[in-house]
Every structure is written in C-alpha cells, then in structure tokens.
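Everything below concerns the one structure shown next.
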Amino acid sequence: MTAQAALRSDHADLLREARLEAYSTPIEDFHPGAPRLFQSDTIWPWFERLRKEAPVHYCTKAPIEPYWSVTRYHDIMHVDTNHALFSSDVSNGGIMIRDVPPGYEWPSFIAMDEPRHGEQRKTVQPMFTPEHLDEMAVLIRQRSAKVLDSLPRNETFNWVEKVSIELTTQMLATLFDFPFEERRKLTRWSDVSTALPKSGIVSSEEERRRELGDCAETFGRMWKQRQAEPGRDLISMMAHSEATRHMTPDNLMGNLILLIVGGNDTTRNTMTASVLALNENPAEYQKLRDNPALIETMVPEVIRWQTPLAHMRRTALVDTELGGKTIRKGDRVVMWYVSGNRDEEVIENPDAFIIDRKRPRIHLSFGFGIHRCVGMRLAELQLRIVWQEILKRFDRIEVVGEPKRVYSSFVRGYESLPVRIPG
C-alpha cells in the first residue's frame, strides 16, 4: 500500500467512528463548533446530520454562550446578505463564534456595520483592482519560481513551512511594505491573533497581549512614517484616506489584524490543501497533469473543498425567523460556510473533489454581501500562479505523512504537511 493510500484508509476509519458518534448523539446536544472536530477533520457527519434534521440549530451545550448554527447554503446566504438584520459589529460580539475577549475590541471594517464599514473598506480596495493585480502577478511568479526551485528532492520536508507560509508572508510584506527580513513576524501575529487557549500557539493570555502589543507598536511607527512619506502600500492608503486617516489606534489595529489574517490564512491554507486534495484524489491529479489549463477551475474548487475560514458569526439586531425557528434580538448566529459548501441541495456530489466542476465559483468561502472578501482575486491569483509553476517543474508532489491541523473552529488550517518530491 502506498503512503497516500494508507493515509486515505486511516482517514476513512476516523470518519466512520465520527459518523457513529454524530448519529448516536442527541441532536439537542450537538456542539458543532467544538475545535477538536476540526483538528481531527471529523466535522463532516455532524454537519451532514444538521443539514438533514436541524439546519438552523440552537446549541446550549457548549462551554461558550449559546449560539445558532446555520448550515444550509441558502440560509447562510440569507444571513450573509441581510446586514440590516444581522450585525457584524465588534460592539455586538464580532465575527467569530466566541465573543471578542475583553481588551481586544478592535474595530475593523469586517467587524463594522454600515455606514462605517463601506467607508473604510473602500480605502483599501484600490490595492486589489485588476490593473494592480496584473502588476503583482509578475512579482508573484518570480517569487514562486524562486521558492519552488529551492525545494529539496527525494527527502521529506514540511510544505506548510517551506512553501505556503513563505509565499504568503512575502506577499503580506509587499502589501504593507513591511521590512522584508522581518516578514515572519506577520505570520506569527496572524497566528497569535486567532489562536485559542488550548491551541499551543501561545502559552498564556499575557504572552498574546505582549506579542500583539509589539505588533501595534511596530505598525504605529510605520503609520507615522507613511503619513510623512506615503508609498503604494496598504498603510499609506489608510494613512491618507479621509475615511481612515483619523482612525483611533484600536481601529488601526483592528484593520491591520484583519488584513494580516485575511492575507495569510486563506491563501496559505488553501495552498497546502491543494497538495493534500490532489494526493487524496490521484485521478484528479492525473487530470491536472494531463491538462494544466484546469488550474482555472481547480483553484475555486480547492477553496470550496478546504473552506479556509469555517464560519462567520453575526448578531441578530431584531427578532426574526429563519428555517422555521425564531431568532431573538441579541442572539449569536453562526454561518457555517464549511457546511454550506457541502450542501447537497446546491452543489452536486459536494464531498467529492472535482477539479473541472462546471460552476466552481458558487462556493461560500469568500462570503457574500457587503463583507465579501476584498482580497479574493489576489488569493486566487497566487494559487493559480504557484500551480502553473509547480506543473512546469514537478511531475508530482507526494504527501508522505498525516497533516497536522490547527486547533480551531474558525481557521481551517495546517501546521504541517510532510511531502516528498521525487528527483
């Protein structure tokens, strides 16, 4: 049995056990936001049952405040596109299943309601215009080629560390015009900002505050510098826009963390997922090698299959009804993008990874409505280019060990993926 076949067999065994647990647990006891289910990648039968039996489900058995789970595609779309009914504002709890911890109530445009949201979002949009993306494509290709050419042959290495983190961190440094030799700080701050206490990323709340304090201090200095000497980076854009130039330090920090996490997690974890998905589906990998033009549809399919941010949360602004359930003003409402992306009523054969789907872009991974991901075209561009360059160089990249996934029900990410490139 090949390494890939053994890994697929082990995962199938885990899913069988998870299915038994999911279908024997009373549905009123479900806590689909339990991070352990995401770290073990055994969430699927839990969401499958919710979509069938309780698509709008109220969880009261979690170690956090009660929350509604919205698990079907069209219900998620309803919540996501009705910002007058459902708030993203940090003052109402923010965008994650857990309320923002005291001391971290940093406003960002993804965690704002209108009109402030639109005003601040428009400030950074010019970074992601087609014209600017065309300019960045040249740099992305050069860097992808350099990183891929440096990879070892015939020995095991961690794809996350050597490729996914390195390429996304280089891009973040460019977007912020951040000191290139210190770019790994950006990855670290991204991880620290979303880490749960049991994740092992930070050992204490004091450590998190200290590291994010260093982030705030660093960007505070850069902000003052760009006010005096503007460039073409995101900080300069915000420092010289009427909507953002007078931001409070907390508002600045909120927007910076948003842009760091958004630029880091989506691309980094989908880049890793693409290697894993192709190894788990060797017929699709062969299809891609035979026809590299399929990169165009493979990229959105990987983004759907992975769903790098599993959920977004809203807070009900008024009493409302969804899926036959009454949601009260102040209730937290969790849109499970990861479940909506496997909704059998909308996506044909949703559990399969199919790189030439006819309509690959109907996925929910970037959200919809006013909060749709501002950098989604850049994420797709990076993924397309890196796979174009991979196919020029390597016949295959072999996964040779179990991926280590992040302990989180928000970020669907990877700490490591052991791979080998045959020489």
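Labels used: A, B, ... for chains in the order of the structure tokens, numbers from 1 for residues in each chain, and numbers from 1 for ligands as shown.
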
Item to complete: Show which residues sit within 9 Å of A:Leu378, as a PyMOL selection string. Count only C-alpha atoms, and ignore same-chain residues fewer than 5 positions away.
Response: chain A and resi 128+133+136-137+263+267+383

Select from stretch 109-216 of chain A every residue with an atom at most 12 Å from any atom of stretch 26-38 of chain A, then for each give the shortest pair of atoms and their distance in Å to one decimal, using only C-alpha atoms, rows by chain and rising number, as CSV.
```
residue,atom,partner,partner_atom,distance
A:Ala195,CA,A:Pro35,CA,11.1
A:Leu196,CA,A:Pro35,CA,9.0
A:Pro197,CA,A:Pro35,CA,11.2
A:Lys198,CA,A:Pro35,CA,9.5
A:Ser199,CA,A:Pro35,CA,9.3
```

Fill in: Close residues, stretch 105-118 of chain A itself excluded, 6 Å, only C-alpha atoms, min 3 positions apart in chain, as a list in words
Ser88, Asp89, Val90, Gly94, Arg121, Asp250, Asn251, Gly254 and Asn255 of chain A

Dump N, CA and C atoms for the selected residues as a compact mmCIF listing (two decimals), in the first residue's frame?
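Once written, out-v1.txt looks like this:
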```txt
# COMPACT_ATOMS: atom_id res chain seq x y z
N SER A 88 -22.42 42.62 12.20
CA SER A 88 -21.04 42.14 12.31
C SER A 88 -20.26 42.93 13.35
N ASP A 89 -20.85 43.97 13.88
CA ASP A 89 -20.09 44.96 14.64
C ASP A 89 -19.41 44.36 15.86
N VAL A 90 -18.17 44.77 16.08
CA VAL A 90 -17.40 44.26 17.22
C VAL A 90 -18.09 44.60 18.54
N GLY A 94 -18.68 40.72 17.48
CA GLY A 94 -17.71 40.44 16.43
C GLY A 94 -18.13 39.36 15.45
N ARG A 121 -13.72 50.18 4.03
CA ARG A 121 -13.39 49.15 3.05
C ARG A 121 -12.92 49.77 1.73
N ASP A 250 -6.93 51.70 18.19
CA ASP A 250 -7.66 50.42 18.20
C ASP A 250 -8.25 50.10 16.83
N ASN A 251 -8.77 51.12 16.16
CA ASN A 251 -9.34 50.92 14.82
C ASN A 251 -8.24 50.53 13.83
N GLY A 254 -7.32 46.95 14.52
CA GLY A 254 -8.34 46.05 14.03
C GLY A 254 -8.22 45.82 12.53
N ASN A 255 -8.03 46.90 11.77
CA ASN A 255 -7.90 46.76 10.32
C ASN A 255 -6.61 46.06 9.93
```

Discussion item. Set the distance at 7 Å and use only C-alpha atoms: which residues neighbour stretch 221-237 of chain A once local chain neighbours fewer than 6 positions away are removed? I'd like the list as number ranges by chain.
Written reply: A: 123-124, 175-177

Same residues, N, CA and C atoms, output as a PDB file, in the first residue's frame:
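As a result, out-v8.pdb now contains:
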```pdb
ATOM      1  N   THR A 123     -11.272  52.285   1.195  1.00  0.00           N
ATOM      2  CA  THR A 123      -9.909  52.804   1.280  1.00  0.00           C
ATOM      3  C   THR A 123      -8.887  51.812   0.731  1.00  0.00           C
ATOM      4  N   VAL A 124      -9.067  50.523   1.021  1.00  0.00           N
ATOM      5  CA  VAL A 124      -8.057  49.533   0.616  1.00  0.00           C
ATOM      6  C   VAL A 124      -8.392  48.850  -0.708  1.00  0.00           C
ATOM      7  N   LEU A 175       2.444  43.901   0.474  1.00  0.00           N
ATOM      8  CA  LEU A 175       1.216  44.684   0.619  1.00  0.00           C
ATOM      9  C   LEU A 175       1.368  45.796   1.654  1.00  0.00           C
ATOM     10  N   PHE A 176       2.136  45.520   2.709  1.00  0.00           N
ATOM     11  CA  PHE A 176       2.334  46.511   3.773  1.00  0.00           C
ATOM     12  C   PHE A 176       3.630  47.310   3.599  1.00  0.00           C
ATOM     13  N   ASP A 177       4.450  46.926   2.617  1.00  0.00           N
ATOM     14  CA  ASP A 177       5.814  47.460   2.518  1.00  0.00           C
ATOM     15  C   ASP A 177       6.509  47.295   3.867  1.00  0.00           C
TER      16      ASP A 177
END
```

Worksheet item: Any idea what's packed within 8 Å of stretch 268-276 of chain A, counting only C-alpha atoms, ignoring anything in its chain fewer than 2 positions away? Could you give it as an MDAnalysis selection string?
Response: chainID A and resid 159:160 164:165 167:168 264:266 278:280 302:303 306:308 383 397 399 412:414 417

Please save N, CA and C atoms of the selected residues as a compact mmCIF listing (two decimals), in the first residue's frame.
```txt
# COMPACT_ATOMS: atom_id res chain seq x y z
N TRP A 159 5.70 21.11 3.75
CA TRP A 159 5.22 22.02 2.70
C TRP A 159 4.69 23.33 3.28
N VAL A 160 4.04 23.26 4.44
CA VAL A 160 3.48 24.46 5.06
C VAL A 160 4.58 25.48 5.32
N SER A 164 3.95 27.27 1.65
CA SER A 164 2.72 28.03 1.91
C SER A 164 2.98 29.27 2.76
N ILE A 165 3.69 29.11 3.87
CA ILE A 165 3.96 30.26 4.74
C ILE A 165 4.89 31.24 4.04
N LEU A 167 5.53 31.89 0.82
CA LEU A 167 4.97 32.68 -0.28
C LEU A 167 3.93 33.68 0.20
N THR A 168 3.06 33.27 1.11
CA THR A 168 2.04 34.21 1.58
C THR A 168 2.64 35.32 2.44
N ASN A 264 -3.16 36.09 5.02
CA ASN A 264 -2.36 34.94 5.41
C ASN A 264 -3.15 33.64 5.32
N ASP A 265 -4.28 33.57 6.02
CA ASP A 265 -4.94 32.27 6.22
C ASP A 265 -5.58 31.70 4.96
N THR A 266 -6.30 32.53 4.22
CA THR A 266 -7.00 31.99 3.05
C THR A 266 -6.03 31.36 2.06
N LEU A 278 -5.12 16.85 -3.98
CA LEU A 278 -4.69 16.14 -5.19
C LEU A 278 -4.09 14.77 -4.85
N ASN A 279 -3.43 14.68 -3.71
CA ASN A 279 -2.90 13.38 -3.29
C ASN A 279 -4.02 12.44 -2.86
N GLU A 280 -5.05 12.98 -2.22
CA GLU A 280 -6.17 12.15 -1.80
C GLU A 280 -7.04 11.74 -2.98
N VAL A 302 -10.63 24.00 -4.88
CA VAL A 302 -9.85 23.81 -3.65
C VAL A 302 -10.35 24.75 -2.56
N ILE A 303 -10.67 25.99 -2.94
CA ILE A 303 -11.15 26.96 -1.95
C ILE A 303 -12.48 26.49 -1.36
N GLN A 306 -11.65 23.17 0.84
CA GLN A 306 -10.96 23.48 2.10
C GLN A 306 -11.79 24.39 3.00
N THR A 307 -12.43 25.42 2.43
CA THR A 307 -13.12 26.46 3.20
C THR A 307 -12.20 26.97 4.31
N PRO A 308 -11.20 27.80 3.97
CA PRO A 308 -10.16 28.15 4.94
C PRO A 308 -10.64 28.89 6.18
N LEU A 383 -2.72 31.40 -6.03
CA LEU A 383 -2.88 29.95 -6.15
C LEU A 383 -2.71 29.50 -7.60
N ILE A 397 3.99 15.92 -6.39
CA ILE A 397 4.41 16.19 -5.01
C ILE A 397 3.68 15.16 -4.16
N VAL A 399 2.43 13.44 -0.73
CA VAL A 399 2.20 13.56 0.71
C VAL A 399 2.62 12.25 1.36
N ARG A 412 -9.56 26.99 9.32
CA ARG A 412 -9.31 25.60 8.91
C ARG A 412 -7.92 25.56 8.28
N GLY A 413 -6.95 25.36 9.14
CA GLY A 413 -5.56 25.49 8.69
C GLY A 413 -4.71 24.28 9.02
N TYR A 414 -3.45 24.38 8.62
CA TYR A 414 -2.47 23.31 8.79
C TYR A 414 -1.21 23.85 9.44
N LEU A 417 2.49 19.66 6.78
CA LEU A 417 2.12 18.64 5.80
C LEU A 417 3.43 18.06 5.25
```

Practice prompt. Would you list the contacts of A:Val202 as a PyMOL selection string, taking every protein, DNA or RNA residue within 7 Å and counting only C-alpha atoms, but skipping same-chain residues closer than 4 positions in sequence?
Written response: chain A and resi 192+207-208

Worksheet item: Running DSSP on the backbone, which parts of stretch 2-230 of chain A land in alpha helix (DSSP H), as JSON, numbers by chain?
Response: {"A": [3, 4, 5, 6, 7, 8, 9, 10, 11, 12, 13, 14, 15, 16, 17, 18, 19, 20, 21, 22, 23, 24, 35, 36, 37, 38, 39, 44, 45, 46, 47, 48, 49, 50, 51, 52, 53, 73, 74, 75, 76, 77, 78, 79, 80, 116, 117, 118, 119, 120, 121, 122, 123, 124, 130, 131, 132, 133, 134, 135, 136, 137, 138, 139, 140, 141, 142, 143, 144, 145, 146, 147, 148, 149, 159, 166, 167, 168, 169, 170, 171, 172, 173, 174, 175, 176, 184, 185, 186, 187, 188, 189, 190, 191, 192, 193, 194, 205, 206, 207, 208, 209, 210, 211, 212, 213, 214, 215, 216, 217, 218, 219, 220, 221, 222, 223, 224, 225, 226, 227, 228]}

Item to complete: Find the residues near stretch 293-295 of chain A: any atom within 7 Å, counting only C-alpha atoms, skip ones fewer than 6 places away on the same chain, and give them as a list in words.
Response: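 Counting only C-alpha atoms, the residues come to Ile355, Asp356 and Arg384 of chain A.
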
Discussion item. For a quick check of understanding, using only C-alpha atoms, which of A:Phe157, A:Gln120, A:Asp351, A:Val299 has the smallest distance to A:His246?
Written reply: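 Closest residue, counting only C-alpha atoms: A:Gln120.
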
Each stretch 73-164 of chain A residue no farther than 12 Å from stretch 345-348 of chain A, nearest pair in Å, only C-alpha atoms, as CSV:
```
residue,atom,partner,partner_atom,distance
A:Tyr73,CA,A:Val346,CA,7.1
A:His74,CA,A:Val346,CA,8.4
A:Asp75,CA,A:Val346,CA,11.7
A:Met77,CA,A:Val346,CA,11.9
```

Worksheet entry | Nearest candidate to A:Asn341 (options A:Thr71, A:Ser416, A:Thr315, A:Asn158; using only C-alpha atoms) | A:Thr71

Item to complete: From a DSSP calculation on the backbone, collect every residue of stretch 135-313 of chain A in strand (DSSP E) and output the set as a ChimeraX atom specification.
Response: /A:156-158,311-313

Writing out the chosen residues with all heavy atoms as a compact mmCIF listing (two decimals), in the first residue's frame:
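Writing the result to part.txt gives the following:
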```txt
# COMPACT_ATOMS: atom_id res chain seq x y z
N THR A 156 12.01 14.25 2.75
CA THR A 156 10.77 14.76 3.31
C THR A 156 10.96 16.16 3.88
O THR A 156 11.95 16.44 4.54
CB THR A 156 10.27 13.81 4.43
OG1 THR A 156 10.02 12.52 3.86
CG2 THR A 156 8.98 14.32 5.06
N PHE A 157 10.00 17.04 3.60
CA PHE A 157 10.02 18.38 4.18
C PHE A 157 8.58 18.83 4.43
O PHE A 157 7.62 18.21 3.93
CB PHE A 157 10.77 19.38 3.30
CG PHE A 157 10.12 19.65 1.96
CD1 PHE A 157 9.22 20.70 1.79
CD2 PHE A 157 10.42 18.85 0.86
CE1 PHE A 157 8.63 20.95 0.56
CE2 PHE A 157 9.84 19.11 -0.39
CZ PHE A 157 8.94 20.15 -0.54
N ASN A 158 8.44 19.89 5.22
CA ASN A 158 7.13 20.42 5.59
C ASN A 158 6.70 21.47 4.56
O ASN A 158 7.25 22.57 4.51
CB ASN A 158 7.19 21.04 7.00
CG ASN A 158 5.86 21.63 7.44
OD1 ASN A 158 4.85 21.54 6.75
ND2 ASN A 158 5.86 22.26 8.61
N HIS A 311 -16.27 29.54 9.49
CA HIS A 311 -17.53 30.24 9.81
C HIS A 311 -17.32 31.74 9.89
O HIS A 311 -16.20 32.23 9.99
CB HIS A 311 -18.09 29.72 11.15
CG HIS A 311 -17.37 30.24 12.37
ND1 HIS A 311 -16.42 29.51 13.04
CD2 HIS A 311 -17.49 31.41 13.08
CE1 HIS A 311 -15.98 30.19 14.08
NE2 HIS A 311 -16.60 31.35 14.12
N MET A 312 -18.44 32.44 9.85
CA MET A 312 -18.53 33.83 10.26
C MET A 312 -19.76 33.95 11.14
O MET A 312 -20.76 33.26 10.92
CB MET A 312 -18.66 34.77 9.06
CG MET A 312 -17.35 35.03 8.33
SD MET A 312 -16.27 36.15 9.23
CE MET A 312 -14.76 35.96 8.26
N ARG A 313 -19.67 34.81 12.11
CA ARG A 313 -20.76 34.98 13.07
C ARG A 313 -21.42 36.35 12.90
O ARG A 313 -20.78 37.33 12.51
CB ARG A 313 -20.19 34.81 14.50
CG ARG A 313 -21.12 35.15 15.66
CD ARG A 313 -20.86 36.57 16.14
NE ARG A 313 -21.62 36.97 17.30
CZ ARG A 313 -21.14 36.96 18.55
NH1 ARG A 313 -19.92 36.52 18.78
NH2 ARG A 313 -21.88 37.40 19.55
```

Discussion item. Between atom CA of A:Arg377 and atom CA of A:Arg143, what distance in Å does the model show, to one decimal?
Written reply: 18.1 Å

Item to complete: Quote the spacing between atom CA of A:Gln382 and atom CA of A:Glu131 in Å to one decimal place.
Response: 15.3 Å

Worksheet item: Expressed in Å to a single decimal, how great is the separation between atom CA of A:Gly423 and atom CA of A:Asn154?
Response: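 Here the two named atoms are 5.5 Å from each other.
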
Practice prompt. Find, counting only C-alpha atoms, the residue in A:Ile201, A:Arg183, A:Pro102, A:Ser24 that gets nearest to A:Tyr407.
Written response: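 Once distances to A:Tyr407 are computed over only C-alpha atoms, the minimum belongs to A:Ile201.
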
Practice prompt. Identify which of the residues A:Met298, A:Val333, A:Ile257, A:Leu14 lies closest to A:Val56, counting only C-alpha atoms when measuring atom-to-atom distances.
Written response: A:Val333
